[in-house]
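Undergrad: File name model_28.cif; file contents mmCIF, C-alpha atoms; full text below.
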data_run
#
loop_
_atom_site.label_atom_id
_atom_site.label_comp_id
_atom_site.auth_asym_id
_atom_site.auth_seq_id
_atom_site.Cartn_x
_atom_site.Cartn_y
_atom_site.Cartn_z
CA MET V 1 -11.99 5.78 -13.53
CA ASN V 2 -12.48 3.41 -10.60
CA PHE V 3 -9.46 2.44 -8.52
CA PRO V 4 -9.38 -0.70 -6.36
CA ARG V 5 -9.52 0.47 -2.78
CA ARG V 6 -6.24 -0.86 -1.52
CA SER V 7 -4.21 -0.11 -4.61
CA LEU V 8 -4.45 3.54 -3.62
CA LEU V 9 -2.08 2.93 -0.75
CA ALA V 10 0.17 0.35 -2.34
CA ALA V 11 3.91 0.82 -2.41
CA GLY V 12 4.82 3.41 -4.99
CA GLY V 13 1.24 4.20 -4.37
CA ALA V 14 -1.48 6.20 -5.76
CA LEU V 15 -2.04 8.11 -2.56
CA ALA V 16 0.72 9.32 -0.31
CA ALA V 17 0.29 11.56 2.72
CA SER V 18 2.95 13.52 4.52
CA ALA V 19 2.82 15.56 7.67
CA ALA V 20 3.18 19.07 6.85
CA PHE V 21 4.99 22.13 6.70
CA ALA V 22 3.41 23.55 9.89
CA GLN V 23 4.14 27.27 10.22
CA THR V 24 2.14 28.09 13.34
CA PRO V 25 1.75 26.18 16.60
CA ALA V 26 -0.89 23.47 16.26
CA ALA V 27 -3.83 23.62 18.66
CA ASP V 28 -4.44 20.70 21.01
CA ALA V 29 -5.29 17.85 18.65
CA ASN V 30 -7.45 16.22 21.31
CA GLN V 31 -9.83 19.15 21.64
CA PRO V 32 -12.54 19.48 18.97
CA MET V 33 -13.50 23.00 17.99
CA ILE V 34 -17.21 22.30 18.59
CA ASP V 35 -19.24 19.22 19.50
CA VAL V 36 -21.66 17.53 17.11
CA GLU V 37 -24.76 18.62 19.02
CA GLY V 38 -23.66 22.22 18.81
CA ALA V 39 -22.96 21.93 15.09
CA GLN V 40 -26.43 20.49 14.51
CA THR V 41 -27.93 23.68 15.90
CA ASN V 42 -25.34 26.06 14.45
CA PRO V 43 -23.40 24.50 11.56
CA ILE V 44 -19.72 25.44 11.50
CA ARG V 45 -19.13 28.31 9.08
CA ILE V 46 -16.11 27.27 7.05
CA ALA V 47 -14.29 28.99 4.18
CA ILE V 48 -12.60 26.72 1.62
CA THR V 49 -10.06 28.48 -0.59
CA GLY V 50 -6.99 27.83 -2.70
CA PHE V 51 -8.51 25.18 -4.98
CA ASN V 52 -8.25 27.38 -8.05
CA SER V 53 -6.90 25.15 -10.84
CA PRO V 54 -9.21 22.76 -12.74
CA ALA V 55 -7.85 19.86 -10.67
CA GLY V 56 -8.17 21.92 -7.52
CA ALA V 57 -11.74 22.96 -8.33
CA GLU V 58 -12.79 19.31 -8.51
CA ILE V 59 -11.18 18.54 -5.15
CA GLY V 60 -12.57 21.67 -3.52
CA GLN V 61 -16.08 20.85 -4.69
CA VAL V 62 -15.87 17.34 -3.22
CA ILE V 63 -14.77 18.79 0.14
CA THR V 64 -17.54 21.40 0.04
CA ASN V 65 -20.25 18.88 -0.83
CA ASP V 66 -19.14 16.38 1.83
CA LEU V 67 -19.15 18.98 4.60
CA LYS V 68 -22.42 20.59 3.50
CA ASN V 69 -24.29 17.31 3.05
CA CYS V 70 -23.51 16.06 6.57
CA GLY V 71 -25.44 19.06 7.89
CA LEU V 72 -22.77 20.05 10.43
CA PHE V 73 -20.91 22.60 8.30
CA SER V 74 -21.99 25.67 6.37
CA PRO V 75 -19.41 26.35 3.62
CA LEU V 76 -19.23 30.05 2.76
CA ASP V 77 -19.84 31.42 -0.73
CA PRO V 78 -16.45 31.79 -2.51
CA ASN V 79 -17.77 34.89 -4.29
CA ALA V 80 -17.54 36.72 -0.97
CA PHE V 81 -13.85 35.89 -0.46
CA ILE V 82 -11.21 38.60 -0.62
CA ALA V 83 -8.97 37.95 -3.61
CA GLY V 84 -5.38 36.96 -2.97
CA ASP V 85 -5.75 35.97 0.69
CA ASN V 86 -4.27 32.48 0.37
CA GLY V 87 -0.77 32.97 1.62
CA ALA V 88 1.19 30.97 4.15
CA MET V 89 -0.35 33.08 6.91
CA PRO V 90 -3.91 34.21 6.17
CA ASN V 91 -5.23 37.60 7.19
CA PHE V 92 -7.68 36.31 9.79
CA GLN V 93 -9.44 39.67 10.16
CA ASN V 94 -10.67 39.28 6.58
CA TRP V 95 -12.15 35.87 7.37
CA LYS V 96 -13.62 37.00 10.70
CA ALA V 97 -15.42 39.77 8.83
CA LEU V 98 -17.13 37.08 6.72
CA GLY V 99 -18.22 35.20 9.84
CA ALA V 100 -15.90 32.24 9.18
CA GLN V 101 -15.08 30.06 12.18
CA ALA V 102 -12.69 27.79 10.25
CA LEU V 103 -10.60 28.23 7.15
CA VAL V 104 -9.15 25.75 4.67
CA THR V 105 -6.25 26.87 2.48
CA ALA V 106 -4.53 24.80 -0.17
CA ASN V 107 -1.90 24.72 -2.86
CA VAL V 108 -2.66 22.30 -5.69
CA GLY V 109 -0.05 21.20 -8.21
CA ASP V 110 1.24 18.40 -10.39
CA ALA V 111 3.68 15.77 -9.11
CA GLY V 112 4.86 13.47 -11.88
CA GLY V 113 1.45 13.20 -13.45
CA GLN V 114 -0.34 12.93 -10.12
CA THR V 115 -2.14 15.66 -8.20
CA ARG V 116 -0.47 17.02 -5.08
CA VAL V 117 -2.45 19.03 -2.53
CA GLU V 118 -0.87 20.89 0.38
CA PHE V 119 -3.76 21.48 2.74
CA ARG V 120 -4.07 23.52 5.96
CA LEU V 121 -6.95 23.90 8.38
CA TRP V 122 -7.09 27.03 10.54
CA ASP V 123 -9.06 28.19 13.57
CA VAL V 124 -10.03 31.69 12.48
CA LEU V 125 -10.77 32.98 15.99
CA THR V 126 -7.36 32.05 17.45
CA GLY V 127 -5.32 32.17 14.24
CA GLN V 128 -3.91 28.70 14.97
CA GLN V 129 -3.20 26.03 12.40
CA LEU V 130 -5.15 22.91 13.35
CA GLN V 131 -3.86 20.62 10.59
CA GLY V 132 -1.32 20.61 7.81
CA THR V 133 -0.89 17.65 5.46
CA ALA V 134 0.10 16.99 1.86
CA TYR V 135 -1.58 14.34 -0.30
CA THR V 136 -0.46 12.97 -3.66
CA SER V 137 -2.69 10.77 -5.83
CA PRO V 138 -4.11 10.38 -9.35
CA ASN V 139 -7.54 10.08 -7.72
CA ARG V 140 -8.60 13.68 -7.13
CA ARG V 141 -12.01 12.87 -5.73
CA ARG V 142 -10.49 10.60 -3.12
CA ILE V 143 -8.09 13.34 -2.01
CA GLY V 144 -11.16 15.52 -1.48
CA HIS V 145 -12.94 12.88 0.60
CA ILE V 146 -9.86 12.29 2.77
CA ILE V 147 -9.39 16.03 3.41
CA ALA V 148 -13.09 16.31 4.32
CA ASP V 149 -12.63 13.44 6.78
CA VAL V 150 -9.66 15.21 8.37
CA ILE V 151 -11.64 18.43 8.72
CA TYR V 152 -14.62 16.59 10.21
CA GLU V 153 -12.49 14.81 12.81
CA ARG V 154 -10.40 17.82 13.71
CA MET V 155 -13.38 20.11 14.09
CA LEU V 156 -15.85 17.71 15.74
CA GLY V 157 -13.70 15.17 17.57
CA GLU V 158 -15.23 12.17 15.75
CA LYS V 159 -13.94 10.14 12.82
CA GLY V 160 -15.25 11.16 9.41
CA TYR V 161 -16.98 8.82 6.98
CA PHE V 162 -16.59 10.45 3.56
CA ASP V 163 -13.85 8.22 2.14
CA THR V 164 -16.22 5.24 1.96
CA ARG V 165 -18.42 3.36 -0.49
CA ILE V 166 -21.98 2.07 -0.60
CA CYS V 167 -22.98 -1.24 -2.11
CA TYR V 168 -26.68 -1.59 -2.91
CA VAL V 169 -29.24 -3.29 -5.15
CA ALA V 170 -30.04 -1.28 -8.30
CA ALA V 171 -33.50 -2.00 -9.72
CA THR V 172 -34.98 -1.18 -13.12
CA GLY V 173 -38.36 -1.93 -14.65
CA PRO V 174 -41.95 -1.95 -13.34
CA ARG V 175 -42.77 -3.24 -9.89
CA GLY V 176 -43.15 -7.02 -9.82
CA ARG V 177 -40.90 -7.42 -12.86
CA GLN V 178 -37.85 -5.48 -11.76
CA VAL V 179 -34.35 -6.49 -12.76
CA LYS V 180 -32.10 -6.24 -9.72
CA ARG V 181 -28.32 -5.94 -9.94
CA LEU V 182 -25.53 -5.37 -7.44
CA ALA V 183 -24.14 -1.86 -7.69
CA ILE V 184 -21.44 0.12 -5.90
CA MET V 185 -20.71 3.84 -5.58
CA ASP V 186 -18.83 6.34 -3.45
CA GLN V 187 -20.77 7.52 -0.39
CA ASP V 188 -21.64 10.74 -2.23
CA ALA V 189 -23.22 8.70 -5.09
CA ALA V 190 -20.33 9.36 -7.51
CA ASN V 191 -18.50 6.64 -9.47
CA ASN V 192 -21.62 4.50 -9.67
CA ARG V 193 -21.12 1.16 -11.41
CA ILE V 194 -23.09 -2.06 -11.86
CA LEU V 195 -21.46 -5.31 -10.70
CA THR V 196 -23.83 -8.08 -11.88
CA ASN V 197 -25.69 -8.57 -15.15
CA GLY V 198 -29.21 -8.88 -13.78
CA GLU V 199 -29.80 -12.43 -14.99
CA TRP V 200 -30.63 -13.47 -11.44
CA LEU V 201 -32.25 -11.64 -8.53
CA VAL V 202 -29.77 -10.39 -5.89
CA LEU V 203 -30.39 -9.12 -2.37
CA THR V 204 -28.67 -7.94 0.84
CA PRO V 205 -25.06 -7.17 -0.13
CA ARG V 206 -22.63 -6.84 2.80
CA PHE V 207 -18.99 -5.64 2.81
CA ASN V 208 -16.13 -7.68 4.16
CA PRO V 209 -14.49 -5.31 6.68
CA VAL V 210 -10.92 -6.24 5.69
CA ARG V 211 -11.05 -7.32 2.02
CA ASP V 212 -12.53 -6.00 -1.23
CA GLU V 213 -15.29 -8.56 -1.06
CA ILE V 214 -19.07 -8.56 -0.78
CA ALA V 215 -21.37 -11.28 0.51
CA PHE V 216 -24.87 -11.30 -0.95
CA MET V 217 -27.84 -13.54 -1.68
CA SER V 218 -28.41 -14.63 -5.28
CA TYR V 219 -31.13 -16.68 -6.93
CA ALA V 220 -28.63 -17.99 -9.49
CA ASN V 221 -29.93 -21.13 -11.22
CA ASN V 222 -33.14 -20.71 -9.21
CA ARG V 223 -31.38 -21.85 -6.05
CA PRO V 224 -31.22 -19.04 -3.47
CA ARG V 225 -27.81 -19.08 -1.78
CA VAL V 226 -25.20 -16.75 -0.32
CA TYR V 227 -22.34 -15.86 -2.67
CA LEU V 228 -19.09 -13.95 -2.36
CA PHE V 229 -18.17 -11.30 -4.94
CA ASP V 230 -14.51 -10.29 -5.36
CA LEU V 231 -14.49 -6.57 -6.20
CA ASN V 232 -11.04 -6.73 -7.80
CA THR V 233 -11.68 -9.67 -10.13
CA GLY V 234 -15.46 -9.86 -10.41
CA ARG V 235 -15.33 -13.54 -9.48
CA GLN V 236 -18.36 -15.01 -7.70
CA SER V 237 -18.36 -18.13 -5.53
CA VAL V 238 -20.90 -19.92 -3.34
CA LEU V 239 -20.35 -19.55 0.40
CA GLY V 240 -21.11 -22.94 1.96
CA GLU V 241 -23.20 -25.83 0.73
CA PHE V 242 -26.52 -26.32 2.51
CA GLU V 243 -29.59 -28.39 1.76
CA GLY V 244 -31.88 -25.42 2.34
CA MET V 245 -31.84 -21.83 1.16
CA SER V 246 -29.05 -19.65 2.64
CA PHE V 247 -29.57 -15.91 3.07
CA ALA V 248 -28.98 -12.78 5.24
CA PRO V 249 -25.15 -12.85 5.40
CA ARG V 250 -22.92 -10.68 7.60
CA PHE V 251 -19.15 -10.85 8.04
CA SER V 252 -17.37 -11.10 11.36
CA PRO V 253 -15.33 -8.03 12.39
CA ASP V 254 -12.09 -9.74 11.30
CA GLY V 255 -13.59 -10.75 7.94
CA GLY V 256 -12.62 -14.39 8.44
CA SER V 257 -16.10 -15.79 8.85
CA CYS V 258 -19.65 -15.02 7.82
CA ILE V 259 -22.90 -15.64 9.69
CA LEU V 260 -26.06 -16.37 7.72
CA SER V 261 -29.45 -18.05 7.92
CA VAL V 262 -30.31 -21.46 6.45
CA THR V 263 -33.85 -22.76 6.02
CA ARG V 264 -34.64 -26.02 7.83
CA GLY V 265 -38.18 -27.39 7.58
CA GLY V 266 -40.56 -24.53 8.31
CA GLY V 267 -37.96 -22.44 10.08
CA SER V 268 -34.40 -21.23 9.72
CA ASP V 269 -31.26 -21.46 11.83
CA ILE V 270 -28.17 -19.27 12.06
CA PHE V 271 -24.88 -20.76 10.88
CA VAL V 272 -21.33 -19.43 10.86
CA VAL V 273 -19.14 -20.24 7.83
CA ASP V 274 -15.35 -19.99 7.74
CA VAL V 275 -14.58 -17.99 4.59
CA ALA V 276 -11.30 -19.76 3.81
CA SER V 277 -12.27 -23.40 4.41
CA ARG V 278 -16.05 -23.06 3.82
CA SER V 279 -16.62 -25.21 6.91
CA SER V 280 -19.81 -24.33 8.79
CA ARG V 281 -21.31 -24.63 12.26
CA ARG V 282 -24.89 -24.18 13.42
CA LEU V 283 -25.44 -21.60 16.18
CA THR V 284 -29.21 -21.84 16.77
CA SER V 285 -31.73 -24.69 16.72
CA SER V 286 -34.91 -23.15 18.11
CA GLY V 287 -37.26 -24.66 15.52
CA SER V 288 -38.38 -21.09 14.71
CA ILE V 289 -37.31 -18.53 12.13
CA ASP V 290 -33.93 -17.17 13.31
CA THR V 291 -32.48 -14.72 10.82
CA SER V 292 -30.70 -11.40 10.09
CA PRO V 293 -27.70 -12.03 12.37
CA CYS V 294 -25.09 -9.32 12.96
CA TYR V 295 -21.91 -9.38 15.07
CA SER V 296 -21.09 -6.82 17.73
CA PRO V 297 -17.97 -4.81 16.78
CA ASP V 298 -15.82 -6.84 19.20
CA GLY V 299 -17.10 -10.11 17.72
CA ALA V 300 -18.27 -11.40 21.11
CA GLN V 301 -22.04 -11.25 20.54
CA ILE V 302 -24.62 -11.59 17.80
CA VAL V 303 -27.94 -9.78 17.47
CA PHE V 304 -30.66 -11.42 15.35
CA ASN V 305 -34.41 -11.52 14.96
CA SER V 306 -36.59 -14.53 15.73
CA ASP V 307 -40.24 -15.52 16.15
CA ARG V 308 -39.37 -18.08 18.83
CA GLU V 309 -41.76 -16.41 21.28
CA GLY V 310 -44.55 -16.12 18.71
CA ASP V 311 -43.75 -12.72 17.21
CA GLN V 312 -40.72 -11.35 15.39
CA GLN V 313 -38.41 -9.77 17.99
CA LEU V 314 -34.71 -8.99 18.52
CA TYR V 315 -32.37 -11.22 20.53
CA VAL V 316 -28.73 -11.05 21.56
CA MET V 317 -26.63 -14.18 22.13
CA SER V 318 -23.00 -15.20 22.47
CA ALA V 319 -21.07 -15.40 19.19
CA SER V 320 -20.52 -19.08 19.94
CA GLY V 321 -24.30 -19.63 20.16
CA GLY V 322 -26.59 -20.05 23.14
CA GLY V 323 -27.80 -17.78 25.90
CA ALA V 324 -30.15 -15.81 23.63
CA LYS V 325 -31.86 -12.94 25.43
CA ARG V 326 -34.74 -10.92 24.03
CA ILE V 327 -34.08 -7.17 23.90
CA SER V 328 -37.06 -5.69 21.97
CA TYR V 329 -40.34 -5.05 23.79
CA GLY V 330 -41.92 -2.18 21.88
CA HIS V 331 -45.19 -2.34 19.98
CA GLY V 332 -44.67 -4.15 16.69
CA ARG V 333 -42.39 -6.60 14.93
CA TYR V 334 -38.63 -6.04 14.69
CA ALA V 335 -36.23 -7.02 11.90
CA THR V 336 -32.87 -6.33 10.15
CA PRO V 337 -30.83 -5.48 13.28
CA VAL V 338 -27.34 -4.07 12.78
CA TRP V 339 -24.80 -3.26 15.48
CA SER V 340 -23.16 0.17 15.48
CA PRO V 341 -19.36 0.21 14.92
CA ARG V 342 -19.18 2.09 18.23
CA GLY V 343 -20.93 -0.78 20.01
CA ASP V 344 -23.40 1.53 21.74
CA LEU V 345 -26.48 1.09 19.55
CA ILE V 346 -28.37 -1.48 17.52
CA ALA V 347 -30.40 -0.14 14.58
CA PHE V 348 -33.49 -1.98 13.38
CA THR V 349 -36.60 -1.96 11.21
CA ARG V 350 -39.92 -2.02 13.07
CA LEU V 351 -43.37 -2.74 11.64
CA SER V 352 -46.26 -1.52 13.78
CA GLY V 353 -49.68 -1.76 12.16
CA ALA V 354 -49.18 -0.52 8.60
CA THR V 355 -46.26 1.77 9.48
CA PHE V 356 -42.60 0.95 9.06
CA ALA V 357 -39.93 2.69 11.10
CA ILE V 358 -36.15 2.85 11.40
CA GLY V 359 -34.96 3.10 14.98
CA VAL V 360 -32.12 2.47 17.41
CA MET V 361 -31.81 1.00 20.90
CA HIS V 362 -29.01 0.12 23.28
CA PRO V 363 -27.74 -3.47 23.15
CA ASP V 364 -29.67 -4.28 26.33
CA GLY V 365 -32.92 -3.08 24.73
CA THR V 366 -33.17 0.22 26.62
CA GLY V 367 -33.44 3.68 25.09
CA GLU V 368 -35.43 2.76 21.99
CA ARG V 369 -35.84 5.73 19.65
CA ILE V 370 -37.58 5.95 16.26
CA LEU V 371 -35.64 8.02 13.72
CA SER V 372 -37.85 7.83 10.63
CA GLU V 373 -41.31 6.47 9.82
CA SER V 374 -42.94 5.89 6.44
CA TYR V 375 -45.18 3.69 4.34
CA SER V 376 -42.17 1.41 3.94
CA VAL V 377 -38.62 1.86 5.22
CA GLU V 378 -36.16 -0.94 5.81
CA GLY V 379 -32.59 -2.18 6.10
CA PRO V 380 -30.43 0.25 8.12
CA THR V 381 -26.65 0.27 7.74
CA PHE V 382 -24.18 2.30 9.80
CA ALA V 383 -21.43 4.58 8.52
CA PRO V 384 -18.08 3.36 9.90
CA ASN V 385 -18.02 6.15 12.50
CA GLY V 386 -21.43 5.13 13.89
CA ARG V 387 -22.79 8.67 13.48
CA VAL V 388 -24.97 8.22 10.36
CA LEU V 389 -27.41 5.57 9.17
CA MET V 390 -28.49 4.76 5.63
CA PHE V 391 -31.64 2.79 4.80
CA TRP V 392 -34.08 2.48 1.92
CA ARG V 393 -37.60 3.81 1.46
CA GLU V 394 -40.37 2.68 -0.87
CA THR V 395 -43.13 4.90 -2.22
CA ARG V 396 -46.51 3.50 -3.17
CA ALA V 397 -47.38 2.67 -6.76
CA VAL V 398 -50.08 5.00 -8.11
CA ASP V 399 -51.87 2.36 -10.20
CA ASP V 400 -52.33 -1.40 -10.54
CA TYR V 401 -49.49 -1.62 -13.09
CA GLY V 402 -46.86 -0.47 -10.63
CA HIS V 403 -46.41 2.99 -12.15
CA GLY V 404 -45.21 5.59 -9.68
CA PHE V 405 -43.50 3.06 -7.44
CA SER V 406 -39.93 3.83 -6.44
CA SER V 407 -37.35 2.83 -3.86
CA ARG V 408 -34.61 5.20 -2.78
CA LEU V 409 -31.71 5.34 -0.36
CA VAL V 410 -31.99 7.71 2.59
CA GLU V 411 -29.40 8.98 5.07
CA ILE V 412 -30.00 10.22 8.62
CA ASP V 413 -27.97 11.10 11.72
CA ILE V 414 -28.47 8.76 14.70
CA SER V 415 -30.16 11.66 16.54
CA GLY V 416 -32.80 11.94 13.79
CA PHE V 417 -31.08 15.02 12.35
CA ASN V 418 -30.51 15.79 8.64
CA GLU V 419 -32.61 13.15 6.88
CA ARG V 420 -31.96 13.34 3.15
CA GLN V 421 -32.41 11.23 0.03
CA ILE V 422 -29.39 9.91 -1.88
CA ASN V 423 -29.76 10.25 -5.64
CA THR V 424 -28.99 7.11 -7.65
CA PRO V 425 -29.43 6.47 -11.40
CA THR V 426 -32.05 3.77 -10.73
CA ASP V 427 -34.31 2.61 -7.95
CA ALA V 428 -32.16 1.46 -5.03
CA SER V 429 -32.49 -0.76 -1.96
CA ASP V 430 -30.49 -2.89 0.48
CA PRO V 431 -27.63 -0.44 1.15
CA ALA V 432 -24.43 -1.59 2.85
CA TRP V 433 -21.81 0.90 4.05
CA SER V 434 -18.16 0.01 3.61
CA PRO V 435 -15.48 0.56 6.25
CA LEU V 436 -13.21 3.55 5.71
CA ASN V 437 -11.04 3.05 2.65
CA THR V 438 -7.47 2.08 3.49
#
Here is the file; what I need is its structure written in the form of structure tokens.

TA:
Amino acid sequence: MNFPRRSLLAAGGALAASAAFAQTPAADANQPMIDVEGAQTNPIRIAITGFNSPAGAEIGQVITNDLKNCGLFSPLDPNAFIAGDNGAMPNFQNWKALGAQALVTANVGDAGGQTRVEFRLWDVLTGQQLQGTAYTSPNRRRIGHIIADVIYERMLGEKGYFDTRICYVAATGPRGRQVKRLAIMDQDAANNRILTNGEWLVLTPRFNPVRDEIAFMSYANNRPRVYLFDLNTGRQSVLGEFEGMSFAPRFSPDGGSCILSVTRGGGSDIFVVDVASRSSRRLTSSGSIDTSPCYSPDGAQIVFNSDREGDQQLYVMSASGGGAKRISYGHGRYATPVWSPRGDLIAFTRLSGATFAIGVMHPDGTGERILSESYSVEGPTFAPNGRVLMFWRETRAVDDYGHGFSSRLVEIDISGFNERQINTPTDASDPAWSPLNT
């Protein structure tokens, strides 16, 4: 069952958290147990126990998968655990003997038809409790994601990203005749569902950071325009009326406006549209192709790509328009820039010769690094903690009929660590990462 994001925290709500039942002094909450770079080299060995009931097993498996898939944790095999060691105060010598650095204990029960989990995180070496919280919800998988986020933050000193969703374009059929629909799923590819019927081509979905809403491009009625999709009602509406084609939308950090591109003559300009009033204002008028705009996390600047100097490059300008400054100077053409939620990096697609690459650079253009190269990779999107990128990769067709072609979502750490494919029921492209669920 899919639950609307914000209904989970509504009054009387589906998910309640309470500070916990601490029985040992908590360690300094500002000091992570290990930094991310250290965990990349030596993943944190963590034991996860106490999730013994059927409901608990589901939650425990979500926690285990989240931590394992990020590449920074190494969950221990439960078959090696010593039976019965799940009391209020664990026997830490038992866990040290297994090589555990951290321990998760839990009590899972029923609370008026909902699942209640009392969860503790322990530092095995010192015997200190690092975290103790209780969660109550009918959504077991979401409890698991939230606990995994708490563990990630407490152990590594950075926000987690597991309690999030991915919107993407799901494609079926042979290449050149694919049906493309909007789809949404949890970040671990669970709870996958299709949002549109496939009657019209859709591209580039983007989450509103504060509402259950997606902006995307649709070819509805053979007129390419940006639409809004309400995730709670399924209602679709056109965002702005323009003479030309509108495309490449991105929301502002406060969700109140959306920047997009609009074709004008042989080029395109960047416009900003107020979501409530639908009033619009043009931000560029270079006479070139200005597209793929994205706000900085503070809303003060916009990065975009343009061919105003003859080749497709990245530029940064004020959010009010004007003062555009080129930031990309590497070999090749640059596209699809997206600003990190941390503000420290801009991710991009680069085409050099016949090779596509996903990379990052600082907002002033320095420090360019390529993270992944392939026949065709495109469209990076940041996790809300700025630590992980998702993009999509195409593989070549093996014959003239398009057989063997596929497109898949891929995840990678911003350091180039832990690249892995995300399994979806269909071909997938154009991923967009949601903010943390609230």

Undergrad: Considering only C-alpha atoms, can you say which of V:Asn79, V:Asn69, V:Gln187, V:Ser257 comes closest to V:Cys294?

TA: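 Of the candidates, the smallest distance to V:Cys294 is held by V:Ser257.
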
Undergrad: Compile the contact shell of V:Ser279 as a PyMOL selection string: residues with an atom at most 9 Å away, counting only C-alpha atoms, same-chain residues fewer than 6 positions apart removed.

TA: chain V and resi 240+272-273

Undergrad: Quick one: write out the picked residues with C-alpha atoms as a short mmCIF file (atom, residue, chain, number, x, y, z; two decimals), in the frame of the given file?

TA:
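Wrote it out as result-v3.cif, contents follow:
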data_model
loop_
_atom_site.label_atom_id
_atom_site.label_comp_id
_atom_site.auth_asym_id
_atom_site.auth_seq_id
_atom_site.Cartn_x
_atom_site.Cartn_y
_atom_site.Cartn_z
CA GLY V 240 -21.11 -22.94 1.96
CA VAL V 272 -21.33 -19.43 10.86
CA VAL V 273 -19.14 -20.24 7.83
#

Undergrad: To one decimal place in Å, what is the distance between atom CA of V:Arg369 and atom CA of V:Phe405?

TA: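 Atom CA of V:Phe405 lies 28.3 Å from atom CA of V:Arg369.
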
Undergrad: Pick out the residues sitting within 10 Å of stretch 380-384 of chain V, and hand them over as a count of residues only; count only C-alpha atoms, and ignore anything fewer than 4 positions along from it in its own chain.

TA: 42

Undergrad: Atom CA of V:Tyr315 to atom CA of V:Val262: how many Å, to one decimal?

TA: 17.5 Å

Undergrad: Output the residue selection produced by the PyMOL selection byres ((chain V and resi 116-120) around 6) on the file above, formatted as a count of residues only.

TA: 16

Undergrad: Considering all atoms listed in the file, state which residue in the set V:Leu72, V:Ala189, V:Leu371, V:Val62 is at the smallest distance from V:Thr41.

TA: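 For V:Thr41, the nearest of the candidates is V:Leu72.
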
Undergrad: Once the PyMOL selection byres ((chain V and resi 256) around 9) is applied to the coordinates I shared, what remains selected? I want it as a list in words.

TA: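 When the PyMOL selection byres ((chain V and resi 256) around 9) is applied to the shown file, the picked residues are Asn208, Val210, Phe251, Ser252, Pro253, Asp254, Gly255, Ser257, Cys258, Val273, Asp274, Val275 and Ala276 of chain V.
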
Undergrad: Do you know which residues the PyMOL selection byres ((chain V and resi 394) around 10) returns on this file, as a JSON list (two decimals) with C-alpha atoms, keeping the file's coordinate frame?

TA:
[["chain", "number", "residue", "atom", "x", "y", "z"],
["V", 374, "SER", "CA", -42.94, 5.89, 6.44],
["V", 375, "TYR", "CA", -45.18, 3.69, 4.34],
["V", 376, "SER", "CA", -42.17, 1.41, 3.94],
["V", 377, "VAL", "CA", -38.62, 1.86, 5.22],
["V", 378, "GLU", "CA", -36.16, -0.94, 5.81],
["V", 392, "TRP", "CA", -34.08, 2.48, 1.92],
["V", 393, "ARG", "CA", -37.60, 3.81, 1.46],
["V", 395, "THR", "CA", -43.13, 4.90, -2.22],
["V", 396, "ARG", "CA", -46.51, 3.50, -3.17],
["V", 397, "ALA", "CA", -47.38, 2.67, -6.76],
["V", 405, "PHE", "CA", -43.50, 3.06, -7.44],
["V", 406, "SER", "CA", -39.93, 3.83, -6.44],
["V", 407, "SER", "CA", -37.35, 2.83, -3.86],
["V", 408, "ARG", "CA", -34.61, 5.20, -2.78],
["V", 409, "LEU", "CA", -31.71, 5.34, -0.36],
["V", 427, "ASP", "CA", -34.31, 2.61, -7.95],
["V", 428, "ALA", "CA", -32.16, 1.46, -5.03],
["V", 429, "SER", "CA", -32.49, -0.76, -1.96]]
